[in-house]
Amino acid sequence: MATTSKASGSKGPGGYKTKRVFGRIALYFGATFFAMFAALPFLWMVLTMFKADSDLYEPNNNPFLYNDPPTLANLDLLWNDTSYRTFLLNTLIVAVSVVVITVIAVVPAAYSLTRLAGRWGESLGILIFLVYLVPPTLLFIPLTGVVADVGLQNSKWSMVLVYPTFTIPFCTWLLMGFFRGVPWDIEEQAMIDGYSRIGAIWRTVIPVSLPGILTVVIFSFTLTLHEFVYSLAFVQSTEEKTVSVGVFTELIRGDVYFWQALMAAAALVAFPVALLYNYFLDRFIAGFTLGAVKG
Amino acid sequence: MARVETRQLTKQFGEGIAAVDGIDLVTADGEFLVLLGPSGCGKTTLLRMIGGLEQPTSGDILIGDQLVNHLPPRARQIAMVFQSYALYPHMSVYNNISFPLKAAKLNKAEQAQKVQWASSILGIDMLLDRKPRQLSGGQRQRVALARALVREPNVFLLDEPLSNLDAQRRASARDELQVFQHEIGTTTIYVTHDQVEAMGLGDRIAVINQGQVRQLGTPHDIYEDPADTFVATFVGSPPMNLVDDGTDLIGFRPEAIELVDQPEGYDSSSWLRLGLGDVREEYLGSEKLIYGEIEGTRVVARVAAHLSLPVAEGGSVPIAIGRSSLRLFDRESGLRRRPERPHVTSIAAEEAPA
Amino acid sequence: MSAPPVTEGRYMLDRERVLGPLFLLPAVVYILALVGFPLVLAVMYSFSNVTVGDPRIDEFVGLDNFRAIWDDRVFRGALRNTIVFTLISQVAVLILANLLALVLSADFHGKRLVRFLVLLPWTTPVALGVLGWFWMLDSVYSPIDWLLREAGLLGPDTPLGPARNMYWLAKTTLAQSAVIIVHIWRTLPLATVILLAGLTAIPQDIRDAADIDGAGFWRQLIYIRLPLLIPIMAVAMLFSIVFTFTDLTISLVLTRGGPVNDTQVLASWAYFKGIQGGDLAQGAAIALFLLPVMIAIAIAMLRLARRSGAEERD
């Protein structure tokens, strides 16, 4: 970036320096501002998690300090006195099932579009990706009817059924990006060496594409955890709820919010998911850039 | 051991362009046949069709007198080595070589025995534990060959296997490859654009251009008796000189030109005597190239390195070309005219200086 | 004599013509059955009288549902909110994303941490992130209120009013602003990441040439980078608009539709009417208003994809 390495084409050495310093300050100021804006609610969440009731519910207390010592009592409450564990378990079951379905559908589809579909492959791939953009808030009403028709209403399996509708389009496009980088000669070699096409794919293309498949697993996992609309619409009973909806609807006794537990519930899922998503985001961008950006 | 035969084999991609245009080819049992041609001439497509990786638009392929059009690669008893060697990056050298044996459902002991056999022939038995990325280009090439060998196929298909090696390595690799093929004796079809490789390796060469075989013959036939101007100019470096004399194209190789120092040694019944104008010489160490002009066309002569031009750059020298070295080609079609015109007196009215 | 076509059953699965469609089957079936079919259903629902209790389509009622929702003041408000919230937040995102992308394209200490924090609003599940805002803007315990009180801006005899709290989520304008800000907060990381990808894709030689030509930072920015970034900016904004326009979670979790439905958007109102209220037909009709914008966006994206593809072929 111009401010850091090359100076802004100014005249004398004095002009150079001040512009650089000024630019540097602006950079740090900007970085801090955006980081704070983004992270503030989360910082507040984490702070609240450990606050004692006596400290939290005193409006005159400085909210940014632990006026009474921090406590783990809230976490204890969350873990033992609420359905949080049920939510986590349900979420895990749903997520794993969705990942399995997604991988089974996506790997052959992405292969077909990259390798077997010729000129149409690229266009079909984009079309499939656009399905991802069809909003759940448009489909959730008819899908509620469909889910009821197949007898899955109020069950976590309704989510397992429906979630692949967005994980499949997204992950097909993602995996296509990875497949484009596979050297196809080893597949042809395997066919010469004595395997059928499917045998060759299984033994050469799949092992070489494992990073891509792993990224598909991670993204379908995180996309499942992000989902809110469908699970809100399909499930009413506490035992079947997943984390996003459960935390929102259930951590209230009567009209009273257990704030600390609520914040803990949110933070405990939010951060790991964010870490996972963040780590794999770079890989996704690599695939995305190949398609959408003309360098 | 098997013959490979193609009958009117054609491959068309899209409309119009036929990559392979009705090729008829028959290999002899155990021969080393080279498919030679410039990039895009169709030689690789032809090879891939024989291998089963491309479906022909029309025509037949027979391997060992059996029609194989409808058979996938694994059913054709062939082995193929790609230009990139296509070694499985996630497997060790041992597993690369044993891969086809696993497909053939051999047991572990049989696999081990064959891998040992193949790798010792190729001289790579100390590399069996390594991964492909740890190998040099030459080593990878040998692993690819071992993998091809281990199946004991009826036909080897090789797609420019030496082009990824650096120049020094290439000559010795060529030698090793030839020894290897003679020892094993399997029918081999070898694709290359390098005419030196083709001339050095092939029992016969099929010169291919624009999807058609221009000539099929031994290296000697191709070089001495080219079927058309394409073959004449593609093989041989520097290429054959072609001069238009109004009636035909007259061809002669650079080494056929001799510098005349004593005119008496060159009588006109056996020699065509001409003047070479606007000369320039190039010293290459092993030989000298002399560039000049005959009748408006630039030509090249190849002479011994110790000879020197009697004139300065830009001047003219007398030269002589043996009449038996002349090849005549039709001006329009480029095809060879046989028999040669009995007595070409000169290319132009120009007589050599006395 | 030409060879017969591949008919041997043994080798059926080796044929590309067979394998290609076969491999696509699961994905395509899923999409057709659970996206295509529900889309059709949504339209059909809106013209019928289905309810949660009776989801069979047995009667068509013409435009009754549409008339009913149009007469509803709340619906018109929701429609207006959806458009206004999207417009304002996305203009802000456009500007901020460009700034943030510039910041993140430079090197500085702590960059990795900043990047992680900046991406948090997008990488966390929405509902959970918004809960943080929900607590932060609480009517009694908001730390922002506390700060304002300490600064003397809030409380009796202060510019921000005699009350000791702002009631962020309980006052119409404040609640709507809060929703807009949370939308910005949520989609900014997405837009920024896409822009960043575009920024790094600008070849180094163009930047070098500009440097040699003497172009300073601002000049480079305005005349070189921005124009090159416009296609990728369009992509980023299209994505971002989709997520904002069709969002339900923020309105629901932050304000439950607002003080007296003042922060309802199309999606959340469809939920209230269709799922909570049980009137699937009306809910579907409300949600259908999302469709025109979605189609427009889809067309825009296809055009962009085709154009960048065509340029590459030159």
# chains A, B, ... in the order shown; residues from 1 in each chain; ligands from 1
>>> select_by_dssp(residues="range 44-218 of chain C", states="helix (DSSP H, G or I)", output="ChimeraX atom specification")
/C:44-46,64-71,73-105,111-123,126-136,143-150,172-200,204-212,217-218
>>> write_last_selection(atoms="C-alpha atoms", output="short mmCIF file (atom, residue, chain, number, x, y, z; two decimals), in the first residue's frame")
data_model
loop_
_atom_site.label_atom_id
_atom_site.label_comp_id
_atom_site.auth_asym_id
_atom_site.auth_seq_id
_atom_site.Cartn_x
_atom_site.Cartn_y
_atom_site.Cartn_z
CA MET C 44 -49.69 -21.36 -4.79
CA TYR C 45 -50.04 -20.78 -1.06
CA SER C 46 -50.41 -17.07 -1.58
CA ASP C 64 -57.76 -12.03 -1.30
CA ASN C 65 -54.54 -12.55 0.60
CA PHE C 66 -52.78 -9.80 -1.25
CA ARG C 67 -55.63 -7.41 -0.61
CA ALA C 68 -55.63 -8.32 3.06
CA ILE C 69 -51.94 -7.73 3.55
CA TRP C 70 -51.95 -4.54 1.55
CA ASP C 71 -54.72 -3.12 3.70
CA ARG C 73 -50.76 -0.81 7.97
CA VAL C 74 -48.10 -2.99 9.51
CA PHE C 75 -47.39 -4.69 6.19
CA ARG C 76 -46.90 -1.41 4.41
CA GLY C 77 -44.63 -0.34 7.22
CA ALA C 78 -42.69 -3.59 6.94
CA LEU C 79 -42.29 -3.10 3.21
CA ARG C 80 -41.10 0.42 3.72
CA ASN C 81 -38.72 -0.64 6.48
CA THR C 82 -37.23 -3.40 4.39
CA ILE C 83 -36.42 -0.98 1.62
CA VAL C 84 -35.21 1.84 3.83
CA PHE C 85 -33.12 -0.33 6.14
CA THR C 86 -31.46 -1.98 3.14
CA LEU C 87 -30.79 1.25 1.34
CA ILE C 88 -29.27 3.12 4.24
CA SER C 89 -27.24 0.25 5.60
CA GLN C 90 -25.87 -0.75 2.23
CA VAL C 91 -24.77 2.72 1.27
CA ALA C 92 -22.91 2.84 4.57
CA VAL C 93 -21.46 -0.63 3.96
CA LEU C 94 -20.26 0.38 0.52
CA ILE C 95 -18.25 3.26 1.90
CA LEU C 96 -17.04 1.52 5.03
CA ALA C 97 -16.09 -1.68 3.22
CA ASN C 98 -13.84 0.23 0.88
CA LEU C 99 -12.14 1.91 3.83
CA LEU C 100 -11.79 -1.29 5.77
CA ALA C 101 -10.47 -3.17 2.76
CA LEU C 102 -7.80 -0.51 2.36
CA VAL C 103 -6.86 -0.85 6.01
CA LEU C 104 -6.69 -4.62 5.83
CA SER C 105 -4.62 -4.64 2.67
CA LYS C 111 -3.17 -7.41 11.80
CA ARG C 112 -4.22 -10.99 12.33
CA LEU C 113 -6.08 -10.14 15.50
CA VAL C 114 -7.78 -7.18 13.89
CA ARG C 115 -8.81 -9.33 10.97
CA PHE C 116 -10.30 -11.95 13.27
CA LEU C 117 -12.22 -9.36 15.26
CA VAL C 118 -13.42 -7.56 12.20
CA LEU C 119 -14.77 -10.80 10.74
CA LEU C 120 -16.53 -11.85 13.95
CA PRO C 121 -19.96 -10.40 13.09
CA TRP C 122 -20.04 -12.55 9.95
CA THR C 123 -18.35 -15.68 11.17
CA VAL C 126 -26.26 -14.35 13.52
CA ALA C 127 -28.70 -14.97 16.30
CA LEU C 128 -25.93 -15.26 18.86
CA GLY C 129 -24.09 -12.17 17.74
CA VAL C 130 -27.22 -10.08 17.73
CA LEU C 131 -27.96 -11.24 21.27
CA GLY C 132 -24.87 -9.34 22.28
CA TRP C 133 -26.31 -6.16 20.85
CA PHE C 134 -29.63 -6.96 22.46
CA TRP C 135 -27.98 -6.96 25.85
CA MET C 136 -25.75 -4.03 25.07
CA PRO C 143 -23.26 0.23 29.25
CA ILE C 144 -23.60 2.90 26.62
CA ASP C 145 -26.19 4.59 28.77
CA TRP C 146 -23.82 4.37 31.70
CA LEU C 147 -21.06 6.02 29.67
CA LEU C 148 -23.41 8.76 28.60
CA ARG C 149 -24.51 9.30 32.16
CA GLU C 150 -20.95 9.52 33.38
CA THR C 172 -39.18 3.94 17.34
CA THR C 173 -36.43 5.98 15.74
CA LEU C 174 -33.73 4.63 18.00
CA ALA C 175 -34.86 1.07 17.45
CA GLN C 176 -34.89 1.49 13.70
CA SER C 177 -31.45 3.06 13.79
CA ALA C 178 -30.24 0.21 15.93
CA VAL C 179 -31.49 -2.33 13.40
CA ILE C 180 -29.75 -0.45 10.62
CA ILE C 181 -26.51 -0.31 12.54
CA VAL C 182 -26.65 -4.01 13.31
CA HIS C 183 -27.22 -4.72 9.62
CA ILE C 184 -24.12 -2.70 8.81
CA TRP C 185 -22.24 -4.48 11.55
CA ARG C 186 -23.21 -7.86 10.15
CA THR C 187 -22.66 -7.45 6.41
CA LEU C 188 -19.60 -5.21 6.54
CA PRO C 189 -17.18 -8.14 6.99
CA LEU C 190 -18.66 -10.01 4.03
CA ALA C 191 -18.40 -7.03 1.69
CA THR C 192 -14.91 -6.26 2.93
CA VAL C 193 -13.62 -9.77 2.37
CA ILE C 194 -14.90 -9.80 -1.19
CA LEU C 195 -13.38 -6.39 -1.85
CA LEU C 196 -10.09 -7.51 -0.36
CA ALA C 197 -9.99 -10.42 -2.76
CA GLY C 198 -10.48 -7.94 -5.56
CA LEU C 199 -7.81 -5.61 -4.27
CA THR C 200 -5.17 -8.29 -4.13
CA GLN C 204 1.42 -5.61 -9.07
CA ASP C 205 2.72 -4.22 -12.36
CA ILE C 206 -0.17 -1.83 -12.60
CA ARG C 207 0.63 -0.50 -9.17
CA ASP C 208 4.33 -0.30 -10.00
CA ALA C 209 3.66 1.54 -13.23
CA ALA C 210 1.48 4.02 -11.38
CA ASP C 211 4.18 4.57 -8.78
CA ILE C 212 6.77 5.22 -11.44
CA PHE C 217 -1.74 7.57 -2.83
CA TRP C 218 -5.02 9.36 -3.39
#
>>> interface_residues(of="chain A", to="chain B", cutoff="8 Å", atoms="only C-alpha atoms", output="list in words")
Asp185, Ile186, Glu188, Gln189, Ala190, Met191, Ile192, Asp193, Gly194, Tyr195, Ser196, Thr204, Pro207 and Val208 of chain A
>>> closest_residue(among="B:Leu165, B:Ile50, B:Ala304, B:Leu36", to="Glu5 in chain B", atoms="only C-alpha atoms")
B:Ile50
>>> interface_residues(of="chain B", to="chain C", cutoff="10 Å", atoms="only C-alpha atoms", output="PyMOL selection string")
chain B and resi 7-9+55-61+67-73+75
>>> residues_around(residues="Ser324 in chain B", least_positions_apart="3", cutoff="10 Å", atoms="only C-alpha atoms", output="PyMOL selection string")
chain B and resi 252+256+270-272+321+327+340
>>> closest_residue(among="C:Gln220, C:Ser240, C:Thr124, C:Thr51", to="chain A", atoms="only C-alpha atoms")
C:Thr124
>>> atom_distance(atom1="CA of Val155 in chain B", atom2="CA of Ser172 in chain B")
23.3 Å
>>> closest_residue(among="C:Lys171, C:Gly110, C:Pro125, C:Asp247", to="chain A", atoms="only C-alpha atoms")
C:Pro125
>>> select_by_dssp(residues="range 85-252 of chain B", states="strand (DSSP E)", output="MDAnalysis selection string")
chainID B and resid 155:159 187:192 204:209 212:217 241:244 249:252
>>> write_last_selection(atoms="C-alpha atoms", output="CSV table (one decimal), in the first residue's frame")
chain,number,residue,atom,x,y,z
B,155,VAL,CA,1.6,-52.0,-26.5
B,156,PHE,CA,3.4,-49.1,-24.9
B,157,LEU,CA,2.0,-45.6,-25.7
B,158,LEU,CA,4.5,-42.9,-24.9
B,159,ASP,CA,3.5,-39.2,-25.1
B,187,THR,CA,5.3,-52.8,-29.6
B,188,THR,CA,5.8,-49.1,-28.8
B,189,ILE,CA,4.1,-46.0,-30.2
B,190,TYR,CA,6.0,-42.8,-29.4
B,191,VAL,CA,4.8,-39.3,-29.9
B,192,THR,CA,7.2,-36.4,-30.3
B,204,ARG,CA,9.7,-46.3,-38.5
B,205,ILE,CA,8.4,-42.8,-38.4
B,206,ALA,CA,4.9,-41.5,-39.3
B,207,VAL,CA,5.2,-37.9,-40.1
B,208,ILE,CA,1.9,-36.2,-39.3
B,209,ASN,CA,0.5,-32.8,-40.2
B,212,GLN,CA,-3.0,-36.8,-41.8
B,213,VAL,CA,0.0,-39.0,-42.2
B,214,ARG,CA,2.3,-37.4,-44.8
B,215,GLN,CA,4.7,-40.3,-44.9
B,216,LEU,CA,5.3,-43.5,-43.1
B,217,GLY,CA,8.8,-45.0,-43.4
B,241,ASN,CA,16.5,-26.1,-49.2
B,242,LEU,CA,13.7,-25.6,-51.7
B,243,VAL,CA,14.3,-23.5,-54.8
B,244,ASP,CA,11.6,-22.7,-57.3
B,249,LEU,CA,10.5,-27.0,-56.5
B,250,ILE,CA,14.0,-28.3,-56.4
B,251,GLY,CA,15.1,-29.6,-53.0
B,252,PHE,CA,18.6,-30.4,-51.7
>>> closest_residue(among="A:Phe50, A:Phe34, A:Trp79, A:Trp173", to="chain C", atoms="only C-alpha atoms")
A:Phe34
>>> closest_residue(among="C:Ala236, C:Val260, C:Leu154, C:Met294", to="chain A", atoms="only C-alpha atoms")
C:Met294
>>> residues_around(residues="Thr242 in chain A", least_positions_apart="5", cutoff="8 Å", atoms="only C-alpha atoms", output="ChimeraX atom specification")
/A:86-91,156,231
>>> closest_residue(among="A:Leu161, A:Cys171, A:Ala95, A:Ala266", to="chain C", atoms="only C-alpha atoms")
A:Ala266
>>> atom_distance(atom1="CA of Val300 in chain B", atom2="CA of His220 in chain B")
21.3 Å
